[in-house]
>>> print(open('target26.txt').read())   # compact mmCIF, N, CA and C atoms
# COMPACT_ATOMS: atom_id res chain seq x y z
N MET A 228 0.81 -1.18 0.00
CA MET A 228 0.00 0.00 0.00
C MET A 228 0.86 1.25 0.00
N ALA A 229 1.98 1.19 0.73
CA ALA A 229 2.89 2.33 0.77
C ALA A 229 3.48 2.58 -0.61
N HIS A 230 3.72 1.51 -1.33
CA HIS A 230 4.26 1.63 -2.70
C HIS A 230 3.25 2.33 -3.61
N LYS A 231 1.96 2.00 -3.46
CA LYS A 231 0.91 2.60 -4.27
C LYS A 231 0.80 4.10 -3.97
N LYS A 232 0.94 4.47 -2.68
CA LYS A 232 0.87 5.88 -2.27
C LYS A 232 2.06 6.65 -2.84
N THR A 233 3.24 6.07 -2.82
CA THR A 233 4.44 6.71 -3.34
C THR A 233 4.31 6.92 -4.85
N SER A 234 3.80 5.96 -5.56
CA SER A 234 3.61 6.08 -7.01
C SER A 234 2.63 7.19 -7.34
N MET A 235 1.55 7.27 -6.55
CA MET A 235 0.55 8.31 -6.76
C MET A 235 1.16 9.68 -6.50
N LEU A 236 1.96 9.83 -5.50
CA LEU A 236 2.62 11.11 -5.20
C LEU A 236 3.58 11.50 -6.32
N ARG A 237 4.28 10.53 -6.88
CA ARG A 237 5.18 10.81 -8.00
C ARG A 237 4.39 11.33 -9.21
N ILE A 238 3.27 10.70 -9.49
CA ILE A 238 2.44 11.12 -10.63
C ILE A 238 1.92 12.54 -10.41
N VAL A 239 1.45 12.82 -9.19
CA VAL A 239 0.96 14.16 -8.87
C VAL A 239 2.10 15.17 -9.01
N PHE A 240 3.28 14.82 -8.51
CA PHE A 240 4.43 15.71 -8.60
C PHE A 240 4.81 15.99 -10.06
N ILE A 241 4.83 14.97 -10.88
CA ILE A 241 5.21 15.12 -12.30
C ILE A 241 4.20 16.02 -13.02
N PHE A 242 2.91 15.76 -12.80
CA PHE A 242 1.89 16.60 -13.46
C PHE A 242 1.95 18.04 -12.96
N SER A 243 2.22 18.22 -11.69
CA SER A 243 2.34 19.58 -11.14
C SER A 243 3.52 20.31 -11.78
N ALA A 244 4.63 19.60 -11.89
CA ALA A 244 5.82 20.20 -12.49
C ALA A 244 5.56 20.56 -13.95
N LEU A 245 4.92 19.66 -14.69
CA LEU A 245 4.61 19.94 -16.09
C LEU A 245 3.64 21.12 -16.22
N PHE A 246 2.67 21.21 -15.35
CA PHE A 246 1.70 22.31 -15.37
C PHE A 246 2.42 23.64 -15.12
N LEU A 247 3.30 23.68 -14.12
CA LEU A 247 4.05 24.90 -13.82
C LEU A 247 4.98 25.28 -14.97
N LEU A 248 5.63 24.30 -15.54
CA LEU A 248 6.52 24.55 -16.67
C LEU A 248 5.75 25.10 -17.86
N ALA A 249 4.62 24.50 -18.17
CA ALA A 249 3.80 24.98 -19.30
C ALA A 249 3.32 26.39 -19.04
N GLY A 250 2.96 26.70 -17.81
CA GLY A 250 2.50 28.05 -17.47
C GLY A 250 3.56 29.10 -17.63
N SER A 251 4.83 28.73 -17.49
CA SER A 251 5.89 29.72 -17.63
C SER A 251 6.45 29.79 -19.05
N VAL A 252 6.36 28.70 -19.80
CA VAL A 252 6.91 28.66 -21.15
C VAL A 252 5.95 29.25 -22.18
N ILE A 253 4.67 28.94 -22.10
CA ILE A 253 3.70 29.39 -23.09
C ILE A 253 3.63 30.91 -23.19
N PRO A 254 3.51 31.66 -22.07
CA PRO A 254 3.51 33.13 -22.21
C PRO A 254 4.81 33.66 -22.81
N PHE A 255 5.93 33.02 -22.49
CA PHE A 255 7.21 33.46 -23.05
C PHE A 255 7.23 33.28 -24.56
N LEU A 256 6.72 32.15 -25.04
CA LEU A 256 6.69 31.90 -26.47
C LEU A 256 5.75 32.87 -27.19
N SER A 257 4.63 33.21 -26.59
CA SER A 257 3.66 34.06 -27.26
C SER A 257 4.07 35.53 -27.27
N ARG A 258 5.01 35.94 -26.41
CA ARG A 258 5.45 37.33 -26.40
C ARG A 258 6.08 37.75 -27.71
N GLY A 259 6.77 36.83 -28.37
CA GLY A 259 7.45 37.15 -29.61
C GLY A 259 6.52 37.27 -30.80
N GLU A 260 5.32 36.76 -30.66
CA GLU A 260 4.37 36.80 -31.77
C GLU A 260 3.69 38.16 -31.82
N GLU A 261 3.63 38.75 -32.99
CA GLU A 261 2.91 40.01 -33.16
C GLU A 261 1.50 39.71 -33.63
N LYS A 262 0.56 40.43 -33.06
CA LYS A 262 -0.82 40.25 -33.48
C LYS A 262 -1.00 40.92 -34.83
N ALA A 263 -1.52 40.17 -35.78
CA ALA A 263 -1.73 40.71 -37.12
C ALA A 263 -2.82 41.79 -37.07
N ILE A 264 -2.59 42.85 -37.81
CA ILE A 264 -3.54 43.96 -37.87
C ILE A 264 -4.49 43.72 -39.04
N ASP A 265 -5.76 43.74 -38.76
CA ASP A 265 -6.78 43.57 -39.78
C ASP A 265 -7.20 44.95 -40.28
N ALA A 266 -6.51 45.44 -41.30
CA ALA A 266 -6.75 46.80 -41.81
C ALA A 266 -8.16 46.96 -42.35
N ARG A 267 -8.68 45.92 -42.97
CA ARG A 267 -10.04 46.01 -43.50
C ARG A 267 -11.05 46.23 -42.37
N ASN A 268 -10.87 45.48 -41.30
CA ASN A 268 -11.75 45.63 -40.14
C ASN A 268 -11.62 47.03 -39.53
N LEU A 269 -10.40 47.53 -39.43
CA LEU A 269 -10.18 48.89 -38.93
C LEU A 269 -10.89 49.91 -39.81
N PHE A 270 -10.75 49.74 -41.12
CA PHE A 270 -11.37 50.66 -42.07
C PHE A 270 -12.89 50.63 -41.91
N GLU A 271 -13.45 49.42 -41.86
CA GLU A 271 -14.90 49.29 -41.74
C GLU A 271 -15.41 49.90 -40.44
N TYR A 272 -14.65 49.76 -39.37
CA TYR A 272 -15.09 50.26 -38.07
C TYR A 272 -14.92 51.78 -37.94
N HIS A 273 -13.78 52.30 -38.39
CA HIS A 273 -13.46 53.71 -38.17
C HIS A 273 -13.74 54.62 -39.37
N CYS A 274 -13.57 54.12 -40.56
CA CYS A 274 -13.58 54.98 -41.75
C CYS A 274 -14.85 54.89 -42.59
N ALA A 275 -15.48 53.71 -42.57
CA ALA A 275 -16.62 53.48 -43.46
C ALA A 275 -17.82 54.37 -43.13
N LYS A 276 -17.83 54.96 -41.94
CA LYS A 276 -18.93 55.86 -41.58
C LYS A 276 -19.05 57.01 -42.57
N CYS A 277 -17.93 57.41 -43.13
CA CYS A 277 -17.93 58.50 -44.13
C CYS A 277 -17.47 58.02 -45.51
N HIS A 278 -16.47 57.14 -45.52
CA HIS A 278 -15.89 56.70 -46.79
C HIS A 278 -16.61 55.50 -47.39
N GLY A 279 -17.58 54.94 -46.69
CA GLY A 279 -18.28 53.76 -47.19
C GLY A 279 -17.42 52.52 -47.08
N LEU A 280 -18.03 51.37 -47.18
CA LEU A 280 -17.29 50.11 -47.06
C LEU A 280 -16.26 49.91 -48.16
N THR A 281 -16.54 50.47 -49.34
CA THR A 281 -15.64 50.26 -50.48
C THR A 281 -14.64 51.39 -50.68
N GLY A 282 -14.79 52.48 -49.93
CA GLY A 282 -13.90 53.63 -50.10
C GLY A 282 -14.52 54.75 -50.91
N GLU A 283 -15.65 54.44 -51.56
CA GLU A 283 -16.38 55.48 -52.28
C GLU A 283 -17.22 56.21 -51.23
N ALA A 284 -17.05 57.50 -51.12
CA ALA A 284 -17.74 58.27 -50.08
C ALA A 284 -19.24 57.99 -50.11
N ASN A 285 -19.81 57.72 -48.95
CA ASN A 285 -21.24 57.50 -48.85
C ASN A 285 -21.95 58.85 -48.71
N LYS A 286 -23.24 58.83 -48.43
CA LYS A 286 -24.02 60.07 -48.36
C LYS A 286 -23.44 61.03 -47.32
N ARG A 287 -23.16 60.51 -46.14
CA ARG A 287 -22.56 61.35 -45.09
C ARG A 287 -21.21 61.90 -45.54
N GLY A 288 -20.39 61.02 -46.12
CA GLY A 288 -19.07 61.42 -46.58
C GLY A 288 -19.13 62.49 -47.66
N LYS A 289 -20.06 62.34 -48.59
CA LYS A 289 -20.21 63.33 -49.66
C LYS A 289 -20.61 64.68 -49.07
N ALA A 290 -21.48 64.67 -48.06
CA ALA A 290 -21.88 65.92 -47.41
C ALA A 290 -20.69 66.58 -46.71
N LEU A 291 -19.75 65.76 -46.25
CA LEU A 291 -18.54 66.28 -45.58
C LEU A 291 -17.39 66.50 -46.56
N LYS A 292 -17.65 66.25 -47.84
CA LYS A 292 -16.67 66.40 -48.91
C LYS A 292 -15.48 65.44 -48.77
N ALA A 293 -15.81 64.23 -48.31
CA ALA A 293 -14.79 63.18 -48.23
C ALA A 293 -14.48 62.71 -49.64
N PRO A 294 -13.22 62.47 -49.96
CA PRO A 294 -12.89 62.01 -51.31
C PRO A 294 -13.30 60.56 -51.55
N ASP A 295 -13.46 60.23 -52.82
CA ASP A 295 -13.68 58.86 -53.25
C ASP A 295 -12.30 58.21 -53.28
N LEU A 296 -12.01 57.38 -52.29
CA LEU A 296 -10.68 56.78 -52.17
C LEU A 296 -10.39 55.78 -53.28
N CYS A 297 -11.42 55.38 -54.01
CA CYS A 297 -11.26 54.43 -55.12
C CYS A 297 -10.91 55.12 -56.43
N ASP A 298 -11.12 56.40 -56.49
CA ASP A 298 -10.91 57.15 -57.72
C ASP A 298 -9.43 57.15 -58.10
N PRO A 299 -9.10 56.63 -59.29
CA PRO A 299 -7.69 56.59 -59.71
C PRO A 299 -7.06 57.98 -59.74
N GLY A 300 -7.83 58.99 -60.08
CA GLY A 300 -7.30 60.35 -60.09
C GLY A 300 -6.87 60.79 -58.70
N TRP A 301 -7.72 60.48 -57.72
CA TRP A 301 -7.37 60.82 -56.33
C TRP A 301 -6.17 60.00 -55.88
N GLN A 302 -6.18 58.70 -56.17
CA GLN A 302 -5.08 57.82 -55.78
C GLN A 302 -3.75 58.31 -56.36
N ASN A 303 -3.77 58.71 -57.65
CA ASN A 303 -2.54 59.16 -58.30
C ASN A 303 -2.09 60.53 -57.83
N SER A 304 -2.99 61.31 -57.26
CA SER A 304 -2.63 62.65 -56.82
C SER A 304 -2.07 62.68 -55.40
N LYS A 305 -2.15 61.56 -54.69
CA LYS A 305 -1.69 61.49 -53.29
C LYS A 305 -0.49 60.57 -53.16
N THR A 306 0.49 61.02 -52.40
CA THR A 306 1.63 60.16 -52.07
C THR A 306 1.26 59.32 -50.85
N ASP A 307 2.00 58.26 -50.65
CA ASP A 307 1.79 57.42 -49.47
C ASP A 307 1.96 58.26 -48.20
N LYS A 308 2.92 59.15 -48.23
CA LYS A 308 3.21 60.01 -47.08
C LYS A 308 2.02 60.93 -46.78
N GLU A 309 1.37 61.45 -47.81
CA GLU A 309 0.21 62.32 -47.63
C GLU A 309 -0.97 61.55 -47.02
N ILE A 310 -1.18 60.34 -47.47
CA ILE A 310 -2.27 59.52 -46.94
C ILE A 310 -2.00 59.21 -45.47
N LEU A 311 -0.79 58.82 -45.17
CA LEU A 311 -0.40 58.53 -43.79
C LEU A 311 -0.57 59.76 -42.90
N TYR A 312 -0.17 60.91 -43.41
CA TYR A 312 -0.28 62.16 -42.66
C TYR A 312 -1.75 62.51 -42.39
N SER A 313 -2.60 62.34 -43.39
CA SER A 313 -4.03 62.65 -43.23
C SER A 313 -4.69 61.75 -42.20
N ILE A 314 -4.36 60.48 -42.22
CA ILE A 314 -4.94 59.55 -41.24
C ILE A 314 -4.43 59.90 -39.84
N THR A 315 -3.17 60.18 -39.74
CA THR A 315 -2.56 60.47 -38.45
C THR A 315 -3.09 61.77 -37.85
N ASN A 316 -3.11 62.84 -38.65
CA ASN A 316 -3.40 64.18 -38.14
C ASN A 316 -4.78 64.72 -38.49
N GLY A 317 -5.51 63.99 -39.33
CA GLY A 317 -6.82 64.46 -39.76
C GLY A 317 -6.69 65.45 -40.90
N LYS A 318 -7.81 65.72 -41.54
CA LYS A 318 -7.80 66.68 -42.64
C LYS A 318 -9.23 67.17 -42.83
N ASN A 319 -9.39 68.48 -42.92
CA ASN A 319 -10.71 69.09 -43.02
C ASN A 319 -11.59 68.57 -41.88
N LYS A 320 -12.68 67.89 -42.21
CA LYS A 320 -13.59 67.39 -41.16
C LYS A 320 -13.20 66.01 -40.63
N MET A 321 -12.21 65.38 -41.26
CA MET A 321 -11.78 64.06 -40.81
C MET A 321 -10.97 64.20 -39.53
N PRO A 322 -11.29 63.40 -38.51
CA PRO A 322 -10.54 63.49 -37.26
C PRO A 322 -9.14 62.91 -37.37
N ALA A 323 -8.28 63.34 -36.47
CA ALA A 323 -6.94 62.75 -36.35
C ALA A 323 -7.10 61.42 -35.62
N TRP A 324 -6.42 60.41 -36.10
CA TRP A 324 -6.54 59.09 -35.49
C TRP A 324 -5.33 58.73 -34.63
N ASN A 325 -4.37 59.64 -34.51
CA ASN A 325 -3.13 59.32 -33.80
C ASN A 325 -3.32 59.05 -32.31
N GLU A 326 -4.41 59.50 -31.72
CA GLU A 326 -4.64 59.23 -30.30
C GLU A 326 -5.54 58.02 -30.08
N ARG A 327 -6.13 57.50 -31.13
CA ARG A 327 -7.04 56.35 -31.00
C ARG A 327 -6.47 55.07 -31.59
N LEU A 328 -5.54 55.22 -32.53
CA LEU A 328 -4.95 54.06 -33.19
C LEU A 328 -3.43 54.07 -32.99
N THR A 329 -2.84 52.90 -33.02
CA THR A 329 -1.38 52.81 -32.91
C THR A 329 -0.75 53.21 -34.24
N PRO A 330 0.53 53.58 -34.23
CA PRO A 330 1.21 53.88 -35.50
C PRO A 330 1.14 52.71 -36.49
N GLU A 331 1.20 51.49 -35.99
CA GLU A 331 1.13 50.31 -36.86
C GLU A 331 -0.26 50.18 -37.49
N GLU A 332 -1.30 50.49 -36.73
CA GLU A 332 -2.65 50.43 -37.27
C GLU A 332 -2.85 51.52 -38.33
N ILE A 333 -2.29 52.69 -38.09
CA ILE A 333 -2.40 53.80 -39.06
C ILE A 333 -1.67 53.43 -40.34
N GLU A 334 -0.51 52.83 -40.23
CA GLU A 334 0.24 52.41 -41.42
C GLU A 334 -0.54 51.33 -42.19
N ALA A 335 -1.15 50.42 -41.46
CA ALA A 335 -1.96 49.36 -42.11
C ALA A 335 -3.15 49.98 -42.84
N LEU A 336 -3.78 50.98 -42.24
CA LEU A 336 -4.90 51.67 -42.89
C LEU A 336 -4.44 52.38 -44.16
N ALA A 337 -3.29 53.04 -44.10
CA ALA A 337 -2.77 53.73 -45.28
C ALA A 337 -2.51 52.75 -46.42
N ARG A 338 -1.95 51.59 -46.10
CA ARG A 338 -1.72 50.56 -47.13
C ARG A 338 -3.06 50.06 -47.68
N TYR A 339 -4.05 49.92 -46.81
CA TYR A 339 -5.37 49.45 -47.23
C TYR A 339 -6.02 50.46 -48.17
N VAL A 340 -5.90 51.74 -47.87
CA VAL A 340 -6.46 52.78 -48.73
C VAL A 340 -5.88 52.68 -50.13
N ARG A 341 -4.60 52.37 -50.23
CA ARG A 341 -3.96 52.20 -51.54
C ARG A 341 -4.59 51.05 -52.33
N LYS A 342 -5.05 50.04 -51.64
CA LYS A 342 -5.63 48.87 -52.31
C LYS A 342 -7.05 49.14 -52.80
N LEU A 343 -7.64 50.27 -52.44
CA LEU A 343 -9.00 50.57 -52.82
C LEU A 343 -9.14 51.11 -54.23
N SER A 344 -8.04 51.41 -54.88
CA SER A 344 -8.07 51.99 -56.22
C SER A 344 -8.82 51.08 -57.21
N LYS A 345 -9.64 51.69 -58.06
CA LYS A 345 -10.39 50.92 -59.06
C LYS A 345 -9.46 50.34 -60.12
N LYS A 346 -8.37 51.01 -60.37
CA LYS A 346 -7.38 50.54 -61.34
C LYS A 346 -6.06 50.40 -60.63
N GLN A 347 -5.23 49.51 -61.15
CA GLN A 347 -3.90 49.35 -60.58
C GLN A 347 -3.09 50.59 -60.83
N ARG A 348 -2.35 50.98 -59.82
CA ARG A 348 -1.50 52.18 -59.94
C ARG A 348 -0.26 51.82 -60.72
>>> encode(input="target26.txt", output="structure tokens")
Amino acid sequence: MAHKKTSMLRIVFIFSALFLLAGSVIPFLSRGEEKAIDARNLFEYHCAKCHGLTGEANKRGKALKAPDLCDPGWQNSKTDKEILYSITNGKNKMPAWNERLTPEEIEALARYVRKLSKKQR
């Protein structure tokens, strides 16, 4: 009976050790992983209220004189730096997003806006 008790204690000890080890290793491994930014989701949540889901200004956006982000003429007239600056600092009635979004999210949005063009640049 003493042998059975000793075996059970060993099993409990091994599982406890494995549980503690897993608890310390898993968070360490996940720290190096960067969470992917879903630019489309950001655009739909923050920008589509005026720019529409596709980037073509909706009724509200047109009233605020928001540009059609899909228009090749608009796309060709703006540099990447200008788009990034507008998202970061705002422009006309568009709010600045630098206090609500991270720099990485703003960069992802700027890249997403470039993808909205009706024609390839």
>>> residues_around(input="target26.txt", residues="region 329-343 of chain A", least_positions_apart="3", cutoff="5 Å", atoms="all atoms listed in the file", output="number ranges by chain")
A: 266, 296-297
>>> atom_distance(input="target26.txt", atom1="atom C of Lys292 (chain A)", atom2="atom N of Lys320 (chain A)")
7.5 Å
>>> atom_distance(input="target26.txt", atom1="CA of Glu271 (chain A)", atom2="CA of Gly288 (chain A)")
13.7 Å
>>> atom_distance(input="target26.txt", atom1="CA of Asn285 (chain A)", atom2="CA of Asn325 (chain A)")
23.6 Å
>>> residues_around(input="target26.txt", residues="Met321 (chain A)", least_positions_apart="2", cutoff="10 Å", atoms="only C-alpha atoms", output="ChimeraX atom specification")
/A:274,277,288,291-293,313-314,316-319,323-324
>>> write_last_selection(input="target26.txt", atoms="N, CA and C atoms", output="JSON list (two decimals), in the coordinates of the input")
[["chain", "number", "residue", "atom", "x", "y", "z"],
["A", 274, "CYS", "N", -13.57, 54.12, -40.56],
["A", 274, "CYS", "CA", -13.58, 54.98, -41.75],
["A", 274, "CYS", "C", -14.85, 54.89, -42.59],
["A", 277, "CYS", "N", -17.93, 57.41, -43.13],
["A", 277, "CYS", "CA", -17.93, 58.50, -44.13],
["A", 277, "CYS", "C", -17.47, 58.02, -45.51],
["A", 288, "GLY", "N", -20.39, 61.02, -46.12],
["A", 288, "GLY", "CA", -19.07, 61.42, -46.58],
["A", 288, "GLY", "C", -19.13, 62.49, -47.66],
["A", 291, "LEU", "N", -19.75, 65.76, -46.25],
["A", 291, "LEU", "CA", -18.54, 66.28, -45.58],
["A", 291, "LEU", "C", -17.39, 66.50, -46.56],
["A", 292, "LYS", "N", -17.65, 66.25, -47.84],
["A", 292, "LYS", "CA", -16.67, 66.40, -48.91],
["A", 292, "LYS", "C", -15.48, 65.44, -48.77],
["A", 293, "ALA", "N", -15.81, 64.23, -48.31],
["A", 293, "ALA", "CA", -14.79, 63.18, -48.23],
["A", 293, "ALA", "C", -14.48, 62.71, -49.64],
["A", 313, "SER", "N", -2.60, 62.34, -43.39],
["A", 313, "SER", "CA", -4.03, 62.65, -43.23],
["A", 313, "SER", "C", -4.69, 61.75, -42.20],
["A", 314, "ILE", "N", -4.36, 60.48, -42.22],
["A", 314, "ILE", "CA", -4.94, 59.55, -41.24],
["A", 314, "ILE", "C", -4.43, 59.90, -39.84],
["A", 316, "ASN", "N", -3.11, 62.84, -38.65],
["A", 316, "ASN", "CA", -3.40, 64.18, -38.14],
["A", 316, "ASN", "C", -4.78, 64.72, -38.49],
["A", 317, "GLY", "N", -5.51, 63.99, -39.33],
["A", 317, "GLY", "CA", -6.82, 64.46, -39.76],
["A", 317, "GLY", "C", -6.69, 65.45, -40.90],
["A", 318, "LYS", "N", -7.81, 65.72, -41.54],
["A", 318, "LYS", "CA", -7.80, 66.68, -42.64],
["A", 318, "LYS", "C", -9.23, 67.17, -42.83],
["A", 319, "ASN", "N", -9.39, 68.48, -42.92],
["A", 319, "ASN", "CA", -10.71, 69.09, -43.02],
["A", 319, "ASN", "C", -11.59, 68.57, -41.88],
["A", 323, "ALA", "N", -8.28, 63.34, -36.47],
["A", 323, "ALA", "CA", -6.94, 62.75, -36.35],
["A", 323, "ALA", "C", -7.10, 61.42, -35.62],
["A", 324, "TRP", "N", -6.42, 60.41, -36.10],
["A", 324, "TRP", "CA", -6.54, 59.09, -35.49],
["A", 324, "TRP", "C", -5.33, 58.73, -34.63]]
>>> residues_near_point(input="target26.txt", point="(-9.1, 55.0, -58.3)", cutoff="5 Å", atoms="all atoms listed in the file", output="PDB file with N, CA and C atoms, in the coordinates of the input")
ATOM      1  N   CYS A 297     -11.420  55.380 -54.010  1.00  0.00           N
ATOM      2  CA  CYS A 297     -11.260  54.430 -55.120  1.00  0.00           C
ATOM      3  C   CYS A 297     -10.910  55.120 -56.430  1.00  0.00           C
ATOM      4  N   ASP A 298     -11.120  56.400 -56.490  1.00  0.00           N
ATOM      5  CA  ASP A 298     -10.910  57.150 -57.720  1.00  0.00           C
ATOM      6  C   ASP A 298      -9.430  57.150 -58.100  1.00  0.00           C
ATOM      7  N   PRO A 299      -9.100  56.630 -59.290  1.00  0.00           N
ATOM      8  CA  PRO A 299      -7.690  56.590 -59.710  1.00  0.00           C
ATOM      9  C   PRO A 299      -7.060  57.980 -59.740  1.00  0.00           C
ATOM     10  N   GLY A 300      -7.830  58.990 -60.080  1.00  0.00           N
ATOM     11  CA  GLY A 300      -7.300  60.350 -60.090  1.00  0.00           C
ATOM     12  C   GLY A 300      -6.870  60.790 -58.700  1.00  0.00           C
ATOM     13  N   SER A 344      -8.040  51.410 -54.880  1.00  0.00           N
ATOM     14  CA  SER A 344      -8.070  51.990 -56.220  1.00  0.00           C
ATOM     15  C   SER A 344      -8.820  51.080 -57.210  1.00  0.00           C
ATOM     16  N   LYS A 345      -9.640  51.690 -58.060  1.00  0.00           N
ATOM     17  CA  LYS A 345     -10.390  50.920 -59.060  1.00  0.00           C
ATOM     18  C   LYS A 345      -9.460  50.340 -60.120  1.00  0.00           C
ATOM     19  N   LYS A 346      -8.370  51.010 -60.370  1.00  0.00           N
ATOM     20  CA  LYS A 346      -7.380  50.540 -61.340  1.00  0.00           C
ATOM     21  C   LYS A 346      -6.060  50.400 -60.630  1.00  0.00           C
TER      22      LYS A 346
END
